[in-house]
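The file coords02.cif comes next; it holds mmCIF, C-alpha atoms.
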```
data_work
#
loop_
_atom_site.group_PDB
_atom_site.id
_atom_site.type_symbol
_atom_site.label_atom_id
_atom_site.label_comp_id
_atom_site.auth_asym_id
_atom_site.auth_seq_id
_atom_site.Cartn_x
_atom_site.Cartn_y
_atom_site.Cartn_z
ATOM 1 C CA MET A 202 -18.178 24.199 -23.631
ATOM 2 C CA LEU A 203 -19.369 25.617 -20.346
ATOM 3 C CA VAL A 204 -20.343 22.148 -19.152
ATOM 4 C CA ALA A 205 -16.903 20.822 -20.053
ATOM 5 C CA SER A 206 -15.127 23.584 -18.150
ATOM 6 C CA VAL A 207 -17.377 23.128 -15.109
ATOM 7 C CA GLY A 208 -16.615 19.400 -15.211
ATOM 8 C CA ASN A 209 -12.928 20.166 -15.472
ATOM 9 C CA VAL A 210 -13.023 22.421 -12.410
ATOM 10 C CA LEU A 211 -14.988 19.791 -10.525
ATOM 11 C CA VAL A 212 -12.473 17.056 -11.374
ATOM 12 C CA TRP A 213 -9.631 19.349 -10.310
ATOM 13 C CA ALA A 214 -11.364 20.094 -7.003
ATOM 14 C CA VAL A 215 -11.957 16.409 -6.252
ATOM 15 C CA TRP A 216 -8.390 15.615 -7.272
ATOM 16 C CA ILE A 217 -6.905 18.274 -4.991
ATOM 17 C CA VAL A 218 -8.948 17.111 -1.993
ATOM 18 C CA ALA A 219 -8.138 13.426 -2.625
ATOM 19 C CA ALA A 220 -4.442 14.016 -3.310
ATOM 20 C CA PHE A 221 -3.904 16.134 -0.211
ATOM 21 C CA ALA A 222 -5.883 13.696 1.927
ATOM 22 C CA CYS A 223 -3.726 10.916 0.507
ATOM 23 C CA LEU A 224 -0.419 12.677 1.175
ATOM 24 C CA GLY A 225 -1.487 13.992 4.582
ATOM 25 C CA SER A 226 -2.676 10.615 5.806
ATOM 26 C CA GLY A 227 0.510 9.023 4.450
ATOM 27 C CA VAL A 228 2.607 11.413 6.513
ATOM 28 C CA ALA A 229 0.316 10.752 9.476
ATOM 29 C CA VAL A 230 0.868 6.984 9.217
ATOM 30 C CA VAL A 231 4.607 7.504 9.468
ATOM 31 C CA SER A 232 4.478 10.117 12.231
ATOM 32 C CA PHE A 233 1.942 8.738 14.738
ATOM 33 C CA SER A 234 3.621 7.024 17.670
ATOM 34 C CA ASN A 235 0.607 4.801 18.391
ATOM 35 C CA PRO A 236 0.238 2.064 15.712
ATOM 36 C CA PHE A 237 -3.541 2.096 16.183
ATOM 37 C CA TYR A 238 -3.760 5.691 14.959
ATOM 38 C CA SER A 239 -1.346 4.859 12.145
ATOM 39 C CA ALA A 240 -3.642 2.072 10.973
ATOM 40 C CA LEU A 241 -6.650 4.414 11.083
ATOM 41 C CA ALA A 242 -4.708 6.982 9.030
ATOM 42 C CA LEU A 243 -3.817 4.274 6.525
ATOM 43 C CA ILE A 244 -7.542 3.555 6.059
ATOM 44 C CA GLY A 245 -7.978 7.221 5.111
ATOM 45 C CA ASN A 246 -5.012 6.944 2.765
ATOM 46 C CA LEU A 247 -6.539 3.904 1.036
ATOM 47 C CA GLY A 248 -9.930 5.597 0.721
ATOM 48 C CA SER A 249 -8.492 8.719 -0.905
ATOM 49 C CA LEU A 250 -6.402 6.521 -3.207
ATOM 50 C CA ALA A 251 -9.626 4.812 -4.283
ATOM 51 C CA VAL A 252 -10.997 8.257 -5.204
ATOM 52 C CA LEU A 253 -7.889 8.872 -7.319
ATOM 53 C CA TYR A 254 -8.422 5.498 -9.033
ATOM 54 C CA LEU A 255 -12.001 6.514 -9.817
ATOM 55 C CA LEU A 256 -10.731 9.739 -11.377
ATOM 56 C CA LEU A 257 -8.433 7.571 -13.526
ATOM 57 C CA SER A 258 -11.547 5.659 -14.686
ATOM 58 C CA SER A 259 -10.460 2.437 -12.978
ATOM 59 C CA GLU A 260 -13.702 1.607 -11.240
ATOM 60 C CA PHE A 261 -13.025 -2.061 -10.610
ATOM 61 C CA VAL A 262 -9.603 -1.446 -9.068
ATOM 62 C CA ALA A 263 -11.094 1.265 -6.839
ATOM 63 C CA ALA A 264 -13.781 -1.118 -5.603
ATOM 64 C CA ALA A 265 -11.237 -3.890 -5.070
ATOM 65 C CA GLN A 266 -9.007 -1.448 -3.208
ATOM 66 C CA VAL A 267 -11.767 -0.560 -0.757
ATOM 67 C CA LEU A 268 -12.915 -4.175 -0.340
ATOM 68 C CA VAL A 269 -9.498 -5.831 -0.067
ATOM 69 C CA TYR A 270 -7.555 -3.196 1.832
ATOM 70 C CA ALA A 271 -10.025 -1.243 3.924
ATOM 71 C CA GLY A 272 -12.311 -4.237 4.312
ATOM 72 C CA ALA A 273 -9.968 -7.149 4.938
ATOM 73 C CA VAL A 274 -6.336 -6.147 5.396
ATOM 74 C CA MET A 275 -6.923 -3.204 7.715
ATOM 75 C CA VAL A 276 -9.361 -5.148 9.887
ATOM 76 C CA MET A 277 -6.669 -7.775 10.352
ATOM 77 C CA PHE A 278 -4.142 -5.042 11.144
ATOM 78 C CA LEU A 279 -6.438 -3.548 13.771
ATOM 79 C CA PHE A 280 -7.074 -6.959 15.327
ATOM 80 C CA VAL A 281 -3.347 -7.691 15.585
ATOM 81 C CA ILE A 282 -2.628 -4.229 17.019
ATOM 82 C CA ALA A 283 -5.339 -4.794 19.610
ATOM 83 C CA TYR A 284 -3.921 -8.269 20.343
ATOM 84 C CA VAL A 285 -0.346 -7.079 20.726
ATOM 85 C CA GLY A 286 -1.437 -4.105 22.805
ATOM 86 C CA PRO A 287 -0.031 -0.601 22.968
ATOM 87 C CA ARG A 288 3.744 -0.561 23.044
ATOM 88 C CA THR A 289 4.366 2.950 24.197
ATOM 89 C CA GLU A 290 7.731 2.026 25.664
ATOM 90 C CA SER A 291 9.126 1.667 22.152
ATOM 91 C CA PRO A 292 10.594 5.061 21.250
ATOM 92 C CA TRP A 293 9.464 6.856 18.153
ATOM 93 C CA ALA A 294 12.603 6.457 16.088
ATOM 94 C CA GLY A 295 15.481 4.216 16.934
ATOM 95 C CA GLY A 296 19.203 4.258 17.126
ATOM 96 C CA PRO A 297 21.553 7.193 17.173
ATOM 97 C CA SER A 298 20.479 10.394 15.503
ATOM 98 C CA TRP A 299 22.693 9.783 12.474
ATOM 99 C CA GLN A 300 20.432 6.862 11.590
ATOM 100 C CA ALA A 301 17.375 9.120 11.525
ATOM 101 C CA VAL A 302 19.249 11.706 9.465
ATOM 102 C CA GLY A 303 20.380 8.969 7.082
ATOM 103 C CA ALA A 304 16.818 7.672 6.737
ATOM 104 C CA VAL A 305 15.486 11.137 5.890
ATOM 105 C CA LEU A 306 18.321 11.695 3.407
ATOM 106 C CA ALA A 307 17.727 8.310 1.760
ATOM 107 C CA ALA A 308 13.984 8.951 1.393
ATOM 108 C CA ALA A 309 14.606 12.437 -0.021
ATOM 109 C CA ALA A 310 17.167 11.013 -2.473
ATOM 110 C CA LEU A 311 14.597 8.413 -3.549
ATOM 111 C CA LEU A 312 11.974 11.113 -4.165
ATOM 112 C CA VAL A 313 14.379 13.240 -6.196
ATOM 113 C CA GLU A 314 15.458 10.171 -8.141
ATOM 114 C CA ILE A 315 11.860 9.228 -9.004
ATOM 115 C CA ILE A 316 11.052 12.761 -10.155
ATOM 116 C CA VAL A 317 14.232 13.099 -12.204
ATOM 117 C CA VAL A 318 13.872 9.705 -13.887
ATOM 118 C CA ILE A 319 10.215 10.275 -14.775
ATOM 119 C CA GLY A 320 10.948 13.804 -15.950
ATOM 120 C CA LEU A 321 13.871 12.716 -18.115
ATOM 121 C CA LYS A 322 12.364 9.577 -19.574
ATOM 122 C CA ALA A 323 8.747 10.538 -20.022
ATOM 123 C CA GLY A 324 8.536 14.283 -19.517
ATOM 124 C CA GLY A 325 7.607 15.154 -23.086
ATOM 125 C CA ARG A 326 5.145 12.321 -23.585
ATOM 126 C CA LEU A 327 2.994 12.819 -20.510
ATOM 127 C CA ALA A 328 1.053 15.799 -21.837
ATOM 128 C CA HIS A 329 -1.213 13.988 -24.278
ATOM 129 C CA SER A 330 -2.957 10.969 -22.874
ATOM 130 C CA HIS A 331 -5.097 8.641 -24.927
ATOM 131 C CA HIS A 332 -8.842 8.877 -24.991
ATOM 132 C CA VAL A 333 -10.306 5.804 -23.337
ATOM 133 C CA SER A 334 -13.588 4.142 -24.143
ATOM 134 C CA GLY A 335 -16.483 4.073 -21.706
ATOM 135 C CA SER A 336 -15.919 0.463 -20.707
ATOM 136 C CA PHE A 337 -12.284 1.038 -19.677
ATOM 137 C CA GLY A 338 -11.768 -0.234 -16.142
ATOM 138 C CA SER A 339 -15.187 -1.811 -15.794
ATOM 139 C CA PRO A 340 -15.430 -5.283 -14.221
ATOM 140 C CA SER A 341 -16.168 -6.928 -17.574
ATOM 141 C CA TYR A 342 -13.108 -5.251 -19.127
ATOM 142 C CA VAL A 343 -10.813 -6.356 -16.291
ATOM 143 C CA GLY A 344 -12.346 -9.822 -16.210
ATOM 144 C CA ARG A 345 -11.874 -10.304 -19.937
ATOM 145 C CA LEU A 346 -8.232 -9.252 -19.665
ATOM 146 C CA PHE A 347 -7.664 -11.476 -16.648
ATOM 147 C CA LEU A 348 -9.143 -14.583 -18.240
ATOM 148 C CA SER A 349 -7.618 -14.138 -21.690
ATOM 149 C CA ASP A 350 -4.252 -12.398 -21.832
ATOM 150 C CA HIS A 351 -3.278 -12.718 -18.178
ATOM 151 C CA LEU A 352 -4.603 -16.137 -17.257
ATOM 152 C CA LEU A 353 -1.214 -17.290 -15.949
ATOM 153 C CA ALA A 354 -0.913 -14.241 -13.664
ATOM 154 C CA PHE A 355 -4.429 -14.957 -12.381
ATOM 155 C CA GLU A 356 -3.560 -18.559 -11.510
ATOM 156 C CA ILE A 357 -0.225 -17.603 -9.940
ATOM 157 C CA THR A 358 -2.031 -15.011 -7.810
ATOM 158 C CA SER A 359 -4.352 -17.693 -6.493
ATOM 159 C CA ILE A 360 -1.373 -19.921 -5.638
ATOM 160 C CA VAL A 361 0.364 -17.023 -3.859
ATOM 161 C CA LEU A 362 -2.753 -16.380 -1.777
ATOM 162 C CA LEU A 363 -3.070 -20.076 -0.931
ATOM 163 C CA VAL A 364 0.574 -20.299 0.170
ATOM 164 C CA ALA A 365 0.173 -17.137 2.254
ATOM 165 C CA ALA A 366 -2.905 -18.588 3.945
ATOM 166 C CA ILE A 367 -1.008 -21.790 4.781
ATOM 167 C CA GLY A 368 1.925 -19.742 6.083
ATOM 168 C CA GLY A 369 -0.380 -17.650 8.229
ATOM 169 C CA VAL A 370 -1.925 -20.760 9.754
ATOM 170 C CA ILE A 371 1.502 -22.278 10.448
ATOM 171 C CA LEU A 372 2.840 -19.067 12.000
ATOM 172 C CA GLY A 373 -0.279 -18.510 14.037
ATOM 173 C CA ALA A 374 -0.696 -22.061 15.307
ATOM 174 C CA HIS A 375 0.721 -23.044 18.657
ATOM 175 C CA SER A 376 3.691 -25.352 18.444
ATOM 176 C CA ARG A 377 3.086 -29.041 19.019
ATOM 177 C CA GLN A 378 5.099 -28.987 22.230
ATOM 178 C CA ALA A 379 3.066 -26.123 23.654
ATOM 179 C CA ALA A 380 -0.149 -27.883 22.681
ATOM 180 C CA GLY A 381 0.993 -31.002 24.543
ATOM 181 C CA GLU A 382 1.402 -29.022 27.746
ATOM 182 C CA VAL A 383 -2.318 -28.414 28.084
ATOM 183 C CA PRO A 384 -3.282 -30.058 31.383
ATOM 184 C CA PRO A 385 -5.954 -32.759 31.169
ATOM 185 C CA LEU A 386 -9.289 -31.814 32.552
ATOM 186 C CA MET B 273 -8.539 13.621 -19.910
ATOM 187 C CA MET B 274 -10.318 16.126 -17.752
ATOM 188 C CA GLY B 275 -8.682 17.481 -14.675
ATOM 189 C CA PRO B 276 -5.024 17.088 -13.750
ATOM 190 C CA GLY B 277 -2.661 15.433 -16.185
ATOM 191 C CA THR B 278 -0.608 12.287 -15.837
ATOM 192 C CA ALA B 279 2.353 14.086 -14.276
ATOM 193 C CA TRP B 280 0.267 15.224 -11.285
ATOM 194 C CA TYR B 281 -0.793 11.666 -10.491
ATOM 195 C CA LEU B 282 2.775 10.459 -10.910
ATOM 196 C CA SER B 283 4.086 13.081 -8.500
ATOM 197 C CA VAL B 284 1.548 11.958 -5.894
ATOM 198 C CA ALA B 285 2.667 8.360 -6.474
ATOM 199 C CA GLY B 286 6.343 9.284 -6.095
ATOM 200 C CA PHE B 287 5.678 11.247 -2.928
ATOM 201 C CA LEU B 288 3.718 8.343 -1.439
ATOM 202 C CA PHE B 289 6.552 5.959 -2.242
ATOM 203 C CA ALA B 290 9.092 8.297 -0.609
ATOM 204 C CA VAL B 291 6.936 8.741 2.515
ATOM 205 C CA GLY B 292 6.546 4.978 2.792
ATOM 206 C CA SER B 293 10.267 4.396 2.434
ATOM 207 C CA LEU B 294 10.889 7.038 5.110
ATOM 208 C CA GLY B 295 8.592 5.124 7.448
ATOM 209 C CA VAL B 296 10.312 1.819 6.686
ATOM 210 C CA LEU B 297 13.735 3.314 7.358
ATOM 211 C CA LEU B 298 12.851 5.473 10.361
ATOM 212 C CA ARG B 299 10.367 3.608 12.518
ATOM 213 C CA ARG B 300 11.252 0.806 14.919
ATOM 214 C CA ASN B 301 7.868 -0.772 15.521
ATOM 215 C CA PRO B 302 7.450 -3.635 13.006
ATOM 216 C CA LEU B 303 3.698 -2.942 12.792
ATOM 217 C CA ILE B 304 4.356 0.573 11.531
ATOM 218 C CA VAL B 305 7.053 -0.754 9.195
ATOM 219 C CA LEU B 306 4.393 -3.010 7.658
ATOM 220 C CA LEU B 307 1.953 -0.087 7.369
ATOM 221 C CA SER B 308 4.649 1.982 5.629
ATOM 222 C CA LEU B 309 5.275 -0.914 3.245
ATOM 223 C CA GLU B 310 1.589 -0.753 2.353
ATOM 224 C CA ILE B 311 2.018 2.934 1.529
ATOM 225 C CA MET B 312 4.962 2.119 -0.748
ATOM 226 C CA LEU B 313 2.959 -0.577 -2.557
ATOM 227 C CA ASN B 314 0.048 1.802 -2.974
ATOM 228 C CA GLY B 315 2.309 4.454 -4.459
ATOM 229 C CA ALA B 316 3.503 1.911 -7.010
ATOM 230 C CA ASN B 317 -0.111 0.896 -7.677
ATOM 231 C CA LEU B 318 -1.096 4.505 -8.316
ATOM 232 C CA ALA B 319 1.719 4.854 -10.856
ATOM 233 C CA LEU B 320 0.643 1.620 -12.579
ATOM 234 C CA ILE B 321 -2.976 2.723 -12.838
ATOM 235 C CA THR B 322 -1.966 6.200 -13.996
ATOM 236 C CA PHE B 323 0.053 4.733 -16.841
ATOM 237 C CA ALA B 324 -2.743 2.295 -17.680
ATOM 238 C CA ARG B 325 -5.081 5.272 -18.082
ATOM 239 C CA HIS B 326 -2.455 7.306 -19.937
ATOM 240 C CA LEU B 327 -1.727 4.610 -22.506
ATOM 241 C CA ASP B 328 -5.313 3.252 -22.711
ATOM 242 C CA ASN B 329 -3.963 -0.192 -21.864
ATOM 243 C CA GLY B 330 -5.556 -2.381 -19.208
ATOM 244 C CA ASP B 331 -2.427 -4.351 -18.370
ATOM 245 C CA GLY B 332 -1.487 -1.827 -15.685
ATOM 246 C CA GLN B 333 -4.751 -2.466 -13.879
ATOM 247 C CA ILE B 334 -4.137 -6.218 -13.991
ATOM 248 C CA PHE B 335 -0.685 -5.644 -12.544
ATOM 249 C CA ALA B 336 -2.141 -3.416 -9.814
ATOM 250 C CA LEU B 337 -4.603 -6.130 -8.824
ATOM 251 C CA ALA B 338 -1.761 -8.668 -8.686
ATOM 252 C CA VAL B 339 0.221 -6.259 -6.485
ATOM 253 C CA MET B 340 -2.824 -5.980 -4.225
ATOM 254 C CA ALA B 341 -2.990 -9.755 -3.846
ATOM 255 C CA VAL B 342 0.736 -9.942 -3.091
ATOM 256 C CA ALA B 343 0.334 -7.143 -0.521
ATOM 257 C CA ALA B 344 -2.465 -9.066 1.185
ATOM 258 C CA SER B 345 -0.247 -12.185 1.304
ATOM 259 C CA GLU B 346 2.647 -10.159 2.692
ATOM 260 C CA VAL B 347 0.420 -8.723 5.421
ATOM 261 C CA VAL B 348 -0.768 -12.217 6.379
ATOM 262 C CA VAL B 349 2.786 -13.504 6.770
ATOM 263 C CA GLY B 350 4.077 -10.326 8.441
ATOM 264 C CA LEU B 351 1.283 -10.173 10.986
ATOM 265 C CA GLY B 352 1.702 -13.897 11.638
ATOM 266 C CA LEU B 353 5.357 -13.240 12.402
ATOM 267 C CA ILE B 354 4.458 -10.355 14.715
ATOM 268 C CA VAL B 355 1.938 -12.513 16.586
ATOM 269 C CA ALA B 356 4.543 -15.279 16.905
ATOM 270 C CA LEU B 357 7.111 -12.770 18.215
ATOM 271 C CA ASN B 358 4.606 -11.410 20.696
ATOM 272 C CA ARG B 359 3.827 -14.924 21.926
ATOM 273 C CA LYS B 360 7.516 -15.588 22.545
ATOM 274 C CA ARG B 361 7.763 -12.320 24.519
ATOM 275 C CA VAL B 362 10.272 -10.926 22.052
ATOM 276 C CA PRO B 363 10.290 -7.113 22.144
ATOM 277 C CA LEU B 364 8.608 -5.608 19.090
ATOM 278 C CA ASP B 365 11.543 -3.501 17.993
ATOM 279 C CA VAL B 366 13.278 -4.032 14.672
ATOM 280 C CA ASP B 367 16.636 -2.957 16.084
ATOM 281 C CA ARG B 368 16.512 -5.756 18.639
ATOM 282 C CA LEU B 369 15.305 -8.462 16.235
ATOM 283 C CA SER B 370 18.837 -9.206 15.145
ATOM 284 C CA SER B 371 18.780 -12.980 15.539
ATOM 285 C CA LEU B 372 16.667 -15.399 13.525
ATOM 286 C CA ARG B 373 16.904 -18.238 16.053
ATOM 287 C CA GLY B 374 13.793 -18.660 18.127
#
```
Could you write out this structure as structure tokens?
Amino acid sequence: MLVASVGNVLVWAVWIVAAFACLGSGVAVVSFSNPFYSALALIGNLGSLAVLYLLLSSEFVAAAQVLVYAGAVMVMFLFVIAYVGPRTESPWAGGPSWQAVGAVLAAAALLVEIIVVIGLKAGGRLAHSHHVSGSFGSPSYVGRLFLSDHLLAFEITSIVLLVAAIGGVILGAHSRQAAGEVPPL
Amino acid sequence: MMGPGTAWYLSVAGFLFAVGSLGVLLRRNPLIVLLSLEIMLNGANLALITFARHLDNGDGQIFALAVMAVAASEVVVGLGLIVALNRKRVPLDVDRLSSLRG
């Protein structure tokens, strides 16, 4: 009993640290004026989200989150930010002030809407969650689901990634006209 | 489950989604708009994984992985667009990107 309560306190402590790191770095991403610092804050956000996934016993998704986002996506973000260069002349928020006020109001309305809908639709059923087995969220569990029940989603995901890679190459390549203007050596 | 219940995770997910939408609506730099979109997608992912754990059903995790792949694709195309804009000396400001003609 004592061990269970100590474990409970420990999980709560980890959850509080991860959740506040997640929310704080999310606010930091939106509020930094330099996109480089925003990208660094987003890496912290993704790392603390991976901790939350681990607490939800989703080990494979947590590992994929760190590998895909922090490993691949954010590196590409940082490269592009370094390529584009600092754009300090762009003001923090644009347009007249009523646009900023409208944006804040819209985001607050969205938050209230999410909370109200979840509270109304699922408020009574959230208290008792199922007990999961030890293999829940392990790579073999996710792999078995992916290759049996969700095979079509798996294949469509691969096609989406292929199309995105082709699109990235086309967008990143110089146009044919510009390539023809290279002077001969 | 030990520790905080499902509602706590869902409130974090909702707050992340709202913060991301605030960034998308408020900021002018398209790079930061893309970063805020990532926050929104991650908020949705956290809700999916929370419900997968709550219902002891792995489909939410599969959906979260698919969302991750779509987010990676979206970043590839978005950053490609930003690089193309930068090469054409178009100012990186979403208020001034009002014309689709190159």
(request) Find the residues of chain A in contact range of chain B, meaning any atom within 6 Å when counting all atoms listed in the file, and list them as an NGL selection string. (result) :A and (209 or 212-213 or 231 or 294-295 or 301 or 304 or 308 or 312 or 327 or 330-331 or 333 or 362 or 365 or 369 or 372-373)
(message) Take the PyMOL selection byres ((chain A and resi 258) around 8), run it mentally on this structure, and tell me the resulting residues as a PyMOL selection string.
(response) (chain A and resi 254-257+259-260+337-338) or (chain B and resi 325)
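With distances restricted to all atoms listed in the file, A:Gly227 is the closest residue to Gly245 (chain A) from A:Gly324, A:Gly227, A:Gly272, A:Gly335.
Going from CA of Leu348 (chain A) over to CA of Phe261 (chain A), you cover 15.2 Å.
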(request) Quick one: apply the PyMOL selection byres ((chain A and resi 226) around 8) to the file and drop the selected residues here as JSON, numbers by chain. (result) {"A": [222, 223, 224, 225, 227, 228, 229, 230, 242, 243, 245, 246]}
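You will find CA of Met277 (chain A) at 14.9 Å from CA of Leu247 (chain A).
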